[in-house]
>>> print(open('work07.pdb').read())   # PDB, C-alpha atoms and all ligand atoms
ATOM      1  CA  MET M   1       0.000   0.000   0.000
ATOM      2  CA  PRO M   2       1.461   3.371  -0.943
ATOM      3  CA  GLU M   3       2.047   5.726   1.922
ATOM      4  CA  PHE M   4       3.311   9.236   2.149
ATOM      5  CA  ASP M   5       4.542  10.766   5.387
ATOM      6  CA  VAL M   6       4.992  14.497   4.989
ATOM      7  CA  HIS M   7       7.295  14.630   7.993
ATOM      8  CA  GLU M   8       9.553  11.977   6.518
ATOM      9  CA  HIS M   9       9.992  14.140   3.419
ATOM     10  CA  ARG M  10       9.957  17.480   5.193
ATOM     11  CA  HIS M  11      13.398  18.497   3.899
ATOM     12  CA  ALA M  12      12.253  18.279   0.287
ATOM     13  CA  LEU M  13       8.934  20.071   0.758
ATOM     14  CA  LYS M  14       8.205  23.744   1.194
ATOM     15  CA  GLN M  15       5.023  24.520   3.083
ATOM     16  CA  LEU M  16       2.818  27.031   1.274
ATOM     17  CA  ARG M  17      -0.312  26.890   3.429
ATOM     18  CA  ASP M  18      -1.533  25.265   6.622
ATOM     19  CA  THR M  19      -5.007  25.530   8.138
ATOM     20  CA  GLY M  20      -4.581  22.747  10.686
ATOM     21  CA  GLU M  21      -6.827  20.393   8.740
ATOM     22  CA  THR M  22      -5.319  20.987   5.340
ATOM     23  CA  SER M  23      -1.839  21.825   4.152
ATOM     24  CA  LEU M  24      -0.268  22.655   0.828
ATOM     25  CA  TRP M  25       3.321  21.806  -0.054
ATOM     26  CA  GLU M  26       5.648  22.525  -2.929
ATOM     27  CA  ASN M  27       7.918  19.728  -4.101
ATOM     28  CA  ARG M  28      11.380  21.293  -4.133
ATOM     29  CA  GLU M  29      13.484  18.233  -4.861
ATOM     30  CA  GLY M  30      11.523  16.202  -7.380
ATOM     31  CA  LEU M  31      10.139  13.673  -4.913
ATOM     32  CA  ALA M  32       8.296  10.832  -6.600
ATOM     33  CA  CYS M  33       4.553  10.507  -6.226
ATOM     34  CA  PRO M  34       3.770   7.281  -4.320
ATOM     35  CA  ALA M  35       0.839   6.536  -6.625
ATOM     36  CA  CYS M  36       2.497   6.738 -10.042
ATOM     37  CA  GLY M  37       6.213   7.077  -9.295
ATOM     38  CA  GLU M  38       6.637  10.320 -11.232
ATOM     39  CA  PRO M  39       7.730  13.588  -9.627
ATOM     40  CA  PHE M  40       4.859  15.843  -8.556
ATOM     41  CA  ASP M  41       4.610  19.650  -8.334
ATOM     42  CA  ARG M  42       2.343  20.222  -5.368
ATOM     43  CA  LEU M  43       0.939  18.138  -2.548
ATOM     44  CA  PHE M  44      -2.344  18.930  -0.843
ATOM     45  CA  THR M  45      -3.076  17.011   2.372
ATOM     46  CA  THR M  46      -6.392  17.026   4.174
ATOM     47  CA  THR M  47      -7.885  15.311   7.217
ATOM     48  CA  LYS M  48     -11.352  16.703   6.499
ATOM     49  CA  PRO M  49     -14.061  14.279   5.353
ATOM     50  CA  SER M  50     -14.732  16.367   2.273
ATOM     51  CA  THR M  51     -12.804  19.089   0.555
ATOM     52  CA  ARG M  52     -13.444  21.282  -2.414
ATOM     53  CA  PHE M  53     -10.656  22.058  -4.842
ATOM     54  CA  PRO M  54     -10.232  25.268  -6.738
ATOM     55  CA  GLU M  55     -10.406  25.156 -10.504
ATOM     56  CA  ASN M  56      -7.254  24.038 -12.173
ATOM     57  CA  ASP M  57      -5.669  24.221 -15.564
ATOM     58  CA  GLY M  58      -6.101  20.570 -16.458
ATOM     59  CA  SER M  59      -3.257  19.235 -14.345
ATOM     60  CA  ARG M  60      -3.128  15.524 -13.594
ATOM     61  CA  PHE M  61      -3.802  14.405 -10.009
ATOM     62  CA  CYS M  62      -2.986  11.307  -8.000
ATOM     63  CA  LEU M  63      -4.687  10.417  -4.740
ATOM     64  CA  VAL M  64      -3.263   8.479  -1.800
ATOM     65  CA  ARG M  65      -5.288   7.728   1.300
ATOM     66  CA  ASP M  66      -4.019   6.525   4.649
ATOM     67  CA  ASP M  67      -5.532   6.206   8.116
ATOM     68  CA  ASP M  68      -5.197   9.887   8.935
ATOM     69  CA  ALA M  69      -5.512  11.851   5.767
ATOM     70  CA  VAL M  70      -5.939  12.041   2.034
ATOM     71  CA  HIS M  71      -2.975  13.232  -0.008
ATOM     72  CA  LEU M  72      -3.552  14.800  -3.382
ATOM     73  CA  PHE M  73      -0.547  15.028  -5.681
ATOM     74  CA  ARG M  74      -0.659  17.458  -8.577
ATOM     75  CA  HIS M  75       1.558  16.831 -11.570
TER      76      HIS M  75
HETATM   77 ZN    ZN T   1       1.239  10.606  -9.394
END
>>> encode(input="work07.pdb", output="structure tokens")
Amino acid sequence: MPEFDVHEHRHALKQLRDTGETSLWENREGLACPACGEPFDRLFTTTKPSTRFPENDGSRFCLVRDDDAVHLFRH
């Protein structure tokens, strides 16, 4: 099962936003997405049961879920 621990990869991620329940990170070092294995641009993590995303420009997304949160990887 793919997992992604933000704290394990903290050195490679720059935090852009944090509301307590959601956080947004920039991938500074080309970390691979745990879902598809390709580097991602941004990571959005949420512990909320439902979350609305802003419109996007047609980017591709991958989704990884663990016990605590859902991680959305934007490519
Ligand atoms: Zn991916």
>>> residues_near_ligand(input="work07.pdb", ligand="ligand ZN 1 (chain T)", cutoff="10 Å", atoms="only C-alpha atoms and all ligand atoms", output="list in words")
Ala32, Cys33, Pro34, Ala35, Cys36, Gly37, Glu38, Pro39, Phe40, Asp41, Arg60, Phe61, Cys62, Leu63, Val64, Leu72, Phe73, Arg74 and His75 of chain M
>>> write_last_selection(input="work07.pdb", atoms="C-alpha atoms", output="short mmCIF file (atom, residue, chain, number, x, y, z; two decimals), in the coordinates of the input")
data_model
loop_
_atom_site.label_atom_id
_atom_site.label_comp_id
_atom_site.auth_asym_id
_atom_site.auth_seq_id
_atom_site.Cartn_x
_atom_site.Cartn_y
_atom_site.Cartn_z
CA ALA M 32 8.30 10.83 -6.60
CA CYS M 33 4.55 10.51 -6.23
CA PRO M 34 3.77 7.28 -4.32
CA ALA M 35 0.84 6.54 -6.62
CA CYS M 36 2.50 6.74 -10.04
CA GLY M 37 6.21 7.08 -9.30
CA GLU M 38 6.64 10.32 -11.23
CA PRO M 39 7.73 13.59 -9.63
CA PHE M 40 4.86 15.84 -8.56
CA ASP M 41 4.61 19.65 -8.33
CA ARG M 60 -3.13 15.52 -13.59
CA PHE M 61 -3.80 14.40 -10.01
CA CYS M 62 -2.99 11.31 -8.00
CA LEU M 63 -4.69 10.42 -4.74
CA VAL M 64 -3.26 8.48 -1.80
CA LEU M 72 -3.55 14.80 -3.38
CA PHE M 73 -0.55 15.03 -5.68
CA ARG M 74 -0.66 17.46 -8.58
CA HIS M 75 1.56 16.83 -11.57
#
>>> resolve_selection(input="work07.pdb", expression="the PyMOL selection byres (((chain M and resi 46) around 9) and not hetatm)", output="JSON, numbers by chain")
{"M": [20, 21, 22, 23, 24, 44, 45, 47, 48, 49, 50, 51, 68, 69, 70, 71, 72]}
>>> closest_residue(input="work07.pdb", among="M:Glu8, M:Leu16, M:Asp67, M:Asp57", to="Leu43 in chain M", atoms="all atoms listed in the file")
M:Leu16
>>> resolve_selection(input="work07.pdb", expression="the PyMOL selection byres (((chain M and resi 29) around 8) and not hetatm)", output="list in words")
Ala12, Leu13, Asn27, Arg28, Gly30 and Leu31 of chain M
>>> atom_distance(input="work07.pdb", atom1="CA of Asp66 in chain M", atom2="CA of Glu3 in chain M")
6.7 Å
>>> closest_residue(input="work07.pdb", among="M:Arg65, M:Arg52, M:His7, M:Arg42", to="Glu26 in chain M", atoms="only C-alpha atoms")
M:Arg42
>>> decode(input="work07.pdb", residues="range 17-49 of chain M", atoms="N, CA and C atoms", output="PDB file, in the first residue's frame")
ATOM      1  N   ARG M  17       0.914  26.529   2.703  1.00  0.00           N
ATOM      2  CA  ARG M  17      -0.312  26.890   3.429  1.00  0.00           C
ATOM      3  C   ARG M  17      -0.606  25.818   4.464  1.00  0.00           C
ATOM      4  N   ASP M  18      -1.169  26.226   5.588  1.00  0.00           N
ATOM      5  CA  ASP M  18      -1.533  25.265   6.622  1.00  0.00           C
ATOM      6  C   ASP M  18      -2.715  25.806   7.409  1.00  0.00           C
ATOM      7  N   THR M  19      -3.833  25.085   7.385  1.00  0.00           N
ATOM      8  CA  THR M  19      -5.007  25.530   8.138  1.00  0.00           C
ATOM      9  C   THR M  19      -5.235  24.655   9.369  1.00  0.00           C
ATOM     10  N   GLY M  20      -4.361  23.698   9.602  1.00  0.00           N
ATOM     11  CA  GLY M  20      -4.581  22.747  10.686  1.00  0.00           C
ATOM     12  C   GLY M  20      -5.174  21.452  10.159  1.00  0.00           C
ATOM     13  N   GLU M  21      -6.207  21.576   9.341  1.00  0.00           N
ATOM     14  CA  GLU M  21      -6.827  20.393   8.740  1.00  0.00           C
ATOM     15  C   GLU M  21      -6.313  20.123   7.334  1.00  0.00           C
ATOM     16  N   THR M  22      -5.861  21.161   6.685  1.00  0.00           N
ATOM     17  CA  THR M  22      -5.319  20.987   5.340  1.00  0.00           C
ATOM     18  C   THR M  22      -3.963  21.675   5.254  1.00  0.00           C
ATOM     19  N   SER M  23      -3.126  21.161   4.388  1.00  0.00           N
ATOM     20  CA  SER M  23      -1.839  21.825   4.152  1.00  0.00           C
ATOM     21  C   SER M  23      -1.444  21.656   2.699  1.00  0.00           C
ATOM     22  N   LEU M  24      -0.705  22.638   2.220  1.00  0.00           N
ATOM     23  CA  LEU M  24      -0.268  22.655   0.828  1.00  0.00           C
ATOM     24  C   LEU M  24       1.248  22.751   0.798  1.00  0.00           C
ATOM     25  N   TRP M  25       1.866  21.906  -0.011  1.00  0.00           N
ATOM     26  CA  TRP M  25       3.321  21.806  -0.054  1.00  0.00           C
ATOM     27  C   TRP M  25       3.810  21.905  -1.488  1.00  0.00           C
ATOM     28  N   GLU M  26       4.981  22.495  -1.640  1.00  0.00           N
ATOM     29  CA  GLU M  26       5.648  22.525  -2.929  1.00  0.00           C
ATOM     30  C   GLU M  26       6.783  21.512  -2.915  1.00  0.00           C
ATOM     31  N   ASN M  27       6.883  20.751  -3.980  1.00  0.00           N
ATOM     32  CA  ASN M  27       7.918  19.728  -4.101  1.00  0.00           C
ATOM     33  C   ASN M  27       9.191  20.389  -4.623  1.00  0.00           C
ATOM     34  N   ARG M  28      10.178  20.559  -3.753  1.00  0.00           N
ATOM     35  CA  ARG M  28      11.380  21.293  -4.133  1.00  0.00           C
ATOM     36  C   ARG M  28      12.466  20.400  -4.720  1.00  0.00           C
ATOM     37  N   GLU M  29      12.379  19.106  -4.464  1.00  0.00           N
ATOM     38  CA  GLU M  29      13.484  18.233  -4.861  1.00  0.00           C
ATOM     39  C   GLU M  29      13.063  17.075  -5.747  1.00  0.00           C
ATOM     40  N   GLY M  30      11.930  17.236  -6.429  1.00  0.00           N
ATOM     41  CA  GLY M  30      11.523  16.202  -7.380  1.00  0.00           C
ATOM     42  C   GLY M  30      11.170  14.870  -6.751  1.00  0.00           C
ATOM     43  N   LEU M  31      10.603  14.907  -5.556  1.00  0.00           N
ATOM     44  CA  LEU M  31      10.139  13.673  -4.913  1.00  0.00           C
ATOM     45  C   LEU M  31       9.162  12.945  -5.825  1.00  0.00           C
ATOM     46  N   ALA M  32       9.203  11.626  -5.774  1.00  0.00           N
ATOM     47  CA  ALA M  32       8.296  10.832  -6.600  1.00  0.00           C
ATOM     48  C   ALA M  32       6.948  10.675  -5.913  1.00  0.00           C
ATOM     49  N   CYS M  33       5.908  10.755  -6.698  1.00  0.00           N
ATOM     50  CA  CYS M  33       4.553  10.507  -6.226  1.00  0.00           C
ATOM     51  C   CYS M  33       4.414   9.017  -5.872  1.00  0.00           C
ATOM     52  N   PRO M  34       3.876   8.692  -4.709  1.00  0.00           N
ATOM     53  CA  PRO M  34       3.770   7.281  -4.320  1.00  0.00           C
ATOM     54  C   PRO M  34       2.730   6.510  -5.133  1.00  0.00           C
ATOM     55  N   ALA M  35       1.867   7.218  -5.834  1.00  0.00           N
ATOM     56  CA  ALA M  35       0.839   6.536  -6.625  1.00  0.00           C
ATOM     57  C   ALA M  35       1.341   6.138  -8.010  1.00  0.00           C
ATOM     58  N   CYS M  36       2.086   7.027  -8.660  1.00  0.00           N
ATOM     59  CA  CYS M  36       2.497   6.738 -10.042  1.00  0.00           C
ATOM     60  C   CYS M  36       4.008   6.712 -10.224  1.00  0.00           C
ATOM     61  N   GLY M  37       4.754   7.152  -9.219  1.00  0.00           N
ATOM     62  CA  GLY M  37       6.213   7.077  -9.295  1.00  0.00           C
ATOM     63  C   GLY M  37       6.872   8.232 -10.018  1.00  0.00           C
ATOM     64  N   GLU M  38       6.063   9.166 -10.543  1.00  0.00           N
ATOM     65  CA  GLU M  38       6.637  10.320 -11.232  1.00  0.00           C
ATOM     66  C   GLU M  38       6.694  11.511 -10.284  1.00  0.00           C
ATOM     67  N   PRO M  39       7.647  12.415 -10.495  1.00  0.00           N
ATOM     68  CA  PRO M  39       7.730  13.588  -9.627  1.00  0.00           C
ATOM     69  C   PRO M  39       6.447  14.416  -9.703  1.00  0.00           C
ATOM     70  N   PHE M  40       6.057  14.994  -8.574  1.00  0.00           N
ATOM     71  CA  PHE M  40       4.859  15.843  -8.556  1.00  0.00           C
ATOM     72  C   PHE M  40       5.268  17.287  -8.306  1.00  0.00           C
ATOM     73  N   ASP M  41       4.348  18.224  -8.556  1.00  0.00           N
ATOM     74  CA  ASP M  41       4.610  19.650  -8.334  1.00  0.00           C
ATOM     75  C   ASP M  41       4.178  20.095  -6.946  1.00  0.00           C
ATOM     76  N   ARG M  42       2.932  19.770  -6.622  1.00  0.00           N
ATOM     77  CA  ARG M  42       2.343  20.222  -5.368  1.00  0.00           C
ATOM     78  C   ARG M  42       1.677  19.057  -4.670  1.00  0.00           C
ATOM     79  N   LEU M  43       1.642  19.129  -3.354  1.00  0.00           N
ATOM     80  CA  LEU M  43       0.939  18.138  -2.548  1.00  0.00           C
ATOM     81  C   LEU M  43      -0.061  18.849  -1.655  1.00  0.00           C
ATOM     82  N   PHE M  44      -1.299  18.407  -1.709  1.00  0.00           N
ATOM     83  CA  PHE M  44      -2.344  18.930  -0.843  1.00  0.00           C
ATOM     84  C   PHE M  44      -2.770  17.799   0.077  1.00  0.00           C
ATOM     85  N   THR M  45      -2.723  18.030   1.388  1.00  0.00           N
ATOM     86  CA  THR M  45      -3.076  17.011   2.372  1.00  0.00           C
ATOM     87  C   THR M  45      -4.248  17.497   3.192  1.00  0.00           C
ATOM     88  N   THR M  46      -5.233  16.634   3.382  1.00  0.00           N
ATOM     89  CA  THR M  46      -6.392  17.026   4.174  1.00  0.00           C
ATOM     90  C   THR M  46      -6.852  15.911   5.090  1.00  0.00           C
ATOM     91  N   THR M  47      -7.282  16.272   6.293  1.00  0.00           N
ATOM     92  CA  THR M  47      -7.885  15.311   7.217  1.00  0.00           C
ATOM     93  C   THR M  47      -9.394  15.517   7.290  1.00  0.00           C
ATOM     94  N   LYS M  48      -9.911  16.450   6.508  1.00  0.00           N
ATOM     95  CA  LYS M  48     -11.352  16.703   6.499  1.00  0.00           C
ATOM     96  C   LYS M  48     -12.067  15.611   5.706  1.00  0.00           C
ATOM     97  N   PRO M  49     -13.322  15.321   6.079  1.00  0.00           N
ATOM     98  CA  PRO M  49     -14.061  14.279   5.353  1.00  0.00           C
ATOM     99  C   PRO M  49     -14.372  14.664   3.921  1.00  0.00           C
TER     100      PRO M  49
END
